[in-house]
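Okay, so here's the structure we're looking at.
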Amino acid sequence: MFDFYFEIPHWIRLIIQAAAVIFTLFPIAAACSMAERKVAAWVQDRPGPNRTIAPILAWIPGIGFLRKLGVFQLAADGGKFMFKEDVVPGHVNKAYFIAAPILAVIPALTTIAFIPFGAYLDAAGKVVPLILANVDVGLLAVFAISSLSVYSVILAGWASNSKYPFLGSVRASAQLISYELSMTLSVLPVFLWINGPLAGEAAGSFQGTLGLARVVEFQSGSWGGIMSPGWGGVWFGFLMPVSAFVYLVALFAETNRAPFDTVESEADLVNSFASEYGAFKWSLFYVAEYCHMIVGSAIFMLLFGGGWNPLPWFPLADLIHALSGILPCVATPLFAGLIGIGIFVGKVLAMIFFFMWVRWTLPRFRYDQVMKIGWQKLLPLSIANLIFYAVATALLTK
C-alpha cells in the first residue's frame, strides 16, 4: 500500500507534490499574519485575537479553546480581503497597478520548487530527498528567481503615481541590491567546503553542485572524529558561524523584516509602495513577504541547520533505524518521509517565530543606518569570511 504512490508516473507525482506544496505554503503564509499578532501579544503581555468565531460553530462544546487561540481570526481576515470592495484609484496606471501584486506572489511561490522539504529511505536504505526540481544549480535558481520580486515593488510604486509609494519602491531596490551581495558571499564558503577536497571520499559526488539537497547530505554523516575528512555530519551553523550570521542578517533585510523594514516605514512613508492598495491586492504583497520569509528560513535550515536531520552527527537515517526497532512500519517510505518533513517543518516554524520575536524586540533602523550596515559592515565581513575559509580550505588540504 505504501509503495503505491511511488509506482505512479514521475510527472504525475511532480504535479501532486507541486500542488501539495503550494496549497500548503499559501495558507501557512496567510496564517503567519495571525500568528504574528499572537506573538506580538505574547511579547507585550496581552491576549491578542481571541474573540472571533463563526456563530454557526459557537454551540460546539470545547470550541471556546480554539476561539481563545485566535484560530478563527484567519478565516475572518481571509473573508474580509476576498469580499471587501477592491477600489482602484483613478490616478494610477491601472494595468501595471494590478500586475504588481501578482508579480510579487509568482517568485515567492516559484522558488519552493528548488527547496528540499524532507526525505525518505528507499528500499536500499538510502536517504532520498523530497524536492520538486533537484537540480545542481538549486540555490542559484532560488537567488535568481527571488531577486525578481523587487520588480513588483518598483512597479507598484511607479504605477501608483504618488510620491510616498515611489520613494518606498526606490528604497526597496537599493536595500535589496545592497544585501544580495552579502547574502551570496555568505553561502559561498559552504559550497567551497562540500565541493572541495575536504569532502573526502564524497568529493566526487559533490563536485560542482549548488544543490541544497547535497548540502544536507553532507551534514548527514555520523561522528568520525575531529580528524575525519571535512568533518562530515557537523552542521555548518557550528562550522561557519560568521556565514550563518551574515546570511541571517541579510535575510532580515531581503524580506523587509524589522529592524530592516524601512521600505514599509509607516512613520515617514504612510504604507510605502502599498499606500494606494487595498483589500485583496494589498494582502498579496504581505502573503508574498511571508512566503519569502518561509523560503528564506528553509534555506537557512538547509545550509546551516542540518535540514531534516534531528541532531548534529545523528542523521535522519539513524533515527529511522532506531525507531524501526520499536515500530517496524516507521521504516516504510511513507512514515520515514513524514518524520523527515516533520523535523524540517518544525525547524522552519522555529525560524519564523524568531523573525516575529525580533520584530517586537528591536527598534527599526533608520534608512541611512540600513545602508551603512549593508555596505560598510556586512559586505566587508562577508568578504573577509570568504577569504578566511578559502585559505583554511587550501591549508587543510595540504
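If you're wondering about the labels, chains in the C-alpha cells are A, B, ... by order shown, residues count from 1 in each chain, ligands from 1 in order shown.
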
* Select from range 68-279 of chain A everything DSSP, run on the backbone, classes as strand (DSSP E), then give the selection as a PyMOL selection string. => chain A and resi 119-121+127-129

Would you give me, as JSON lines, each residue of range 115-178 of chain A having an atom within 7 Å of an atom of range 250-274 of chain A, along with its shortest atom pair and that distance in Å to one decimal, using only C-alpha atoms and sorting by chain and residue number?
```
{"residue": "A:Val153", "atom": "CA", "partner": "A:Phe273", "partner_atom": "CA", "distance": 6.4}
{"residue": "A:Ala156", "atom": "CA", "partner": "A:Phe273", "partner_atom": "CA", "distance": 5.9}
{"residue": "A:Gly157", "atom": "CA", "partner": "A:Phe273", "partner_atom": "CA", "distance": 4.7}
{"residue": "A:Tyr164", "atom": "CA", "partner": "A:Leu269", "partner_atom": "CA", "distance": 5.3}
{"residue": "A:Pro165", "atom": "CA", "partner": "A:Phe273", "partner_atom": "CA", "distance": 3.7}
{"residue": "A:Phe166", "atom": "CA", "partner": "A:Phe273", "partner_atom": "CA", "distance": 6.4}
{"residue": "A:Gly168", "atom": "CA", "partner": "A:Ser272", "partner_atom": "CA", "distance": 4.7}
{"residue": "A:Ser169", "atom": "CA", "partner": "A:Phe273", "partner_atom": "CA", "distance": 5.7}
{"residue": "A:Arg171", "atom": "CA", "partner": "A:Val263", "partner_atom": "CA", "distance": 5.7}
{"residue": "A:Ala172", "atom": "CA", "partner": "A:Val263", "partner_atom": "CA", "distance": 5.5}
{"residue": "A:Leu176", "atom": "CA", "partner": "A:Glu254", "partner_atom": "CA", "distance": 5.5}
```

Can you write just those residues out, C-alpha atoms, as a short mmCIF file (atom, residue, chain, number, x, y, z; two decimals), in the first residue's frame?
```cif
data_model
loop_
_atom_site.label_atom_id
_atom_site.label_comp_id
_atom_site.auth_asym_id
_atom_site.auth_seq_id
_atom_site.Cartn_x
_atom_site.Cartn_y
_atom_site.Cartn_z
CA VAL A 153 7.69 46.65 -5.55
CA ALA A 156 3.74 49.16 -7.54
CA GLY A 157 5.46 52.38 -6.51
CA TYR A 164 5.27 58.05 -0.96
CA PRO A 165 4.86 54.76 -2.86
CA PHE A 166 7.55 55.87 -5.31
CA GLY A 168 9.28 53.30 -0.94
CA SER A 169 9.98 51.47 -4.20
CA ARG A 171 14.25 52.31 -1.05
CA ALA A 172 13.34 48.70 -1.77
CA LEU A 176 17.67 44.54 -1.81
#
```

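Around Asp86 in chain A, within 10 Å and counting only C-alpha atoms, the residues found are Tyr277, Gly278, Ala279, Phe280, Lys281 and Trp282 of chain A, once anything fewer than 6 positions away on its own chain is removed.
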
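From CA of Ala113 in chain A back to CA of Pro101 in chain A, the distance works out to 20.5 Å.
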
* Asked: Expressed in Å to a single decimal, how great is the separation between CA of Leu181 in chain A and CA of Ile383 in chain A?
  ->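 These two atoms are separated by 9.7 Å.
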
* Test item, alpha helix (DSSP H) assignment across range 128-237 of chain A, answer as a ChimeraX atom specification -> /A:138-146,149-159,163-195,203-206,212-218,236-237

Per residue of range 28-125 of chain A within 8 Å of range 304-324 of chain A, note the shortest atom pair and the distance in Å to one decimal, counting only C-alpha atoms, and order the rows by chain and increasing residue number, as JSON lines.
```
{"residue": "A:Phe117", "atom": "CA", "partner": "A:Trp308", "partner_atom": "CA", "distance": 7.8}
{"residue": "A:Gly118", "atom": "CA", "partner": "A:Trp308", "partner_atom": "CA", "distance": 5.9}
{"residue": "A:Ala119", "atom": "CA", "partner": "A:Trp308", "partner_atom": "CA", "distance": 7.3}
{"residue": "A:Leu121", "atom": "CA", "partner": "A:Ala317", "partner_atom": "CA", "distance": 7.3}
{"residue": "A:Gly125", "atom": "CA", "partner": "A:Ala317", "partner_atom": "CA", "distance": 7.9}
```

* To do: Identify which of the residues A:Val137, A:Ile112, A:Ser33, A:Phe355 lies closest to Ala20 in chain A, counting only C-alpha atoms when measuring atom-to-atom distances.
  =>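 Looking at the shortest contact to Ala20 in chain A, the residue is A:Ile112.
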
* State, in Å with one decimal place, the distance from CA of Leu327 in chain A to CA of Leu130 in chain A. =>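 That distance, rounded to one decimal, is 22.8 Å.
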
Within 12 Å of Leu140 in chain A, counting only C-alpha atoms, which residues show up once you throw out same-chain ones fewer than 3 positions away? Write them as a short mmCIF file (atom, residue, chain, number, x, y, z; two decimals) with N, CA and C atoms, in the first residue's frame, please.
```
data_model
loop_
_atom_site.label_atom_id
_atom_site.label_comp_id
_atom_site.auth_asym_id
_atom_site.auth_seq_id
_atom_site.Cartn_x
_atom_site.Cartn_y
_atom_site.Cartn_z
N THR A 111 10.03 29.70 -6.12
CA THR A 111 11.30 29.27 -5.52
C THR A 111 11.16 28.00 -4.70
N PHE A 114 12.71 24.49 -5.76
CA PHE A 114 14.11 24.10 -5.61
C PHE A 114 14.49 23.82 -4.16
N ILE A 115 13.49 23.81 -3.27
CA ILE A 115 13.74 23.61 -1.84
C ILE A 115 13.39 22.18 -1.45
N VAL A 135 17.99 20.04 -8.96
CA VAL A 135 18.97 20.44 -9.96
C VAL A 135 20.25 20.88 -9.26
N ASP A 136 21.35 20.85 -10.01
CA ASP A 136 22.64 21.21 -9.43
C ASP A 136 22.78 22.71 -9.15
N VAL A 137 21.94 23.52 -9.78
CA VAL A 137 22.01 24.97 -9.58
C VAL A 137 20.87 25.43 -8.67
N PHE A 143 18.09 32.20 -5.70
CA PHE A 143 18.53 33.59 -5.64
C PHE A 143 18.09 34.36 -6.88
N ALA A 144 18.20 33.74 -8.05
CA ALA A 144 17.85 34.43 -9.29
C ALA A 144 16.36 34.75 -9.35
N ILE A 145 15.53 33.79 -8.98
CA ILE A 145 14.08 34.00 -9.07
C ILE A 145 13.58 34.92 -7.97
N SER A 146 14.07 34.73 -6.76
CA SER A 146 13.60 35.57 -5.64
C SER A 146 14.00 37.03 -5.83
N SER A 147 15.12 37.28 -6.51
CA SER A 147 15.53 38.67 -6.74
C SER A 147 14.57 39.41 -7.67
N MET A 183 24.56 38.34 1.12
CA MET A 183 23.91 37.04 1.24
C MET A 183 24.58 36.00 0.34
N THR A 184 24.89 36.40 -0.89
CA THR A 184 25.53 35.47 -1.82
C THR A 184 26.92 35.08 -1.34
N VAL A 187 27.15 32.34 1.56
CA VAL A 187 26.91 30.91 1.32
C VAL A 187 28.03 30.27 0.51
N LEU A 188 28.92 31.06 -0.08
CA LEU A 188 29.99 30.50 -0.88
C LEU A 188 30.93 29.59 -0.08
N PHE A 191 29.64 25.93 -0.05
CA PHE A 191 29.82 25.13 -1.26
C PHE A 191 31.30 24.95 -1.59
N THR A 209 28.42 21.25 -7.51
CA THR A 209 26.99 21.32 -7.25
C THR A 209 26.65 22.52 -6.39
N LEU A 210 25.49 23.12 -6.67
CA LEU A 210 24.89 24.14 -5.82
C LEU A 210 23.55 23.66 -5.30
N GLY A 211 23.34 22.35 -5.34
CA GLY A 211 22.08 21.78 -4.88
C GLY A 211 21.98 21.78 -3.37
N LEU A 212 20.81 22.18 -2.85
CA LEU A 212 20.61 22.25 -1.41
C LEU A 212 20.51 20.86 -0.79
N ILE A 299 15.88 27.77 3.60
CA ILE A 299 17.25 27.73 3.09
C ILE A 299 18.26 27.83 4.23
#
```

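Residues in contact with Leu74 in chain A at up to 9 Å, not including ones fewer than 5 positions away on its chain and judged by only C-alpha atoms, are Ala30, Ala31, Ser33, Met34 and Gly79 of chain A.
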
* For Phe354 in chain A: contacts at 12 Å, only C-alpha atoms, fewer than 4 positions along chain excluded, given as number ranges by chain -> A: 35-36, 39-40, 248, 252, 257-258, 293-294, 297, 347-350, 358-362

* To do: Give me the residues within 12 Å of Leu239 in chain A as a list of chain:residue names, counting only C-alpha atoms and dropping any in the same chain fewer than 3 places off.
  =>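 So the residues in contact are A:Pro189, A:Val190, A:Trp193, A:Gln219, A:Gly230, A:Trp231, A:Gly232, A:Gly233, A:Val234, A:Trp235, A:Phe236, A:Val242, A:Ser243, A:Ala244, A:Phe245, A:Leu303, A:Phe304, A:Gly305, A:Gly306, A:Pro312, A:Tyr389.
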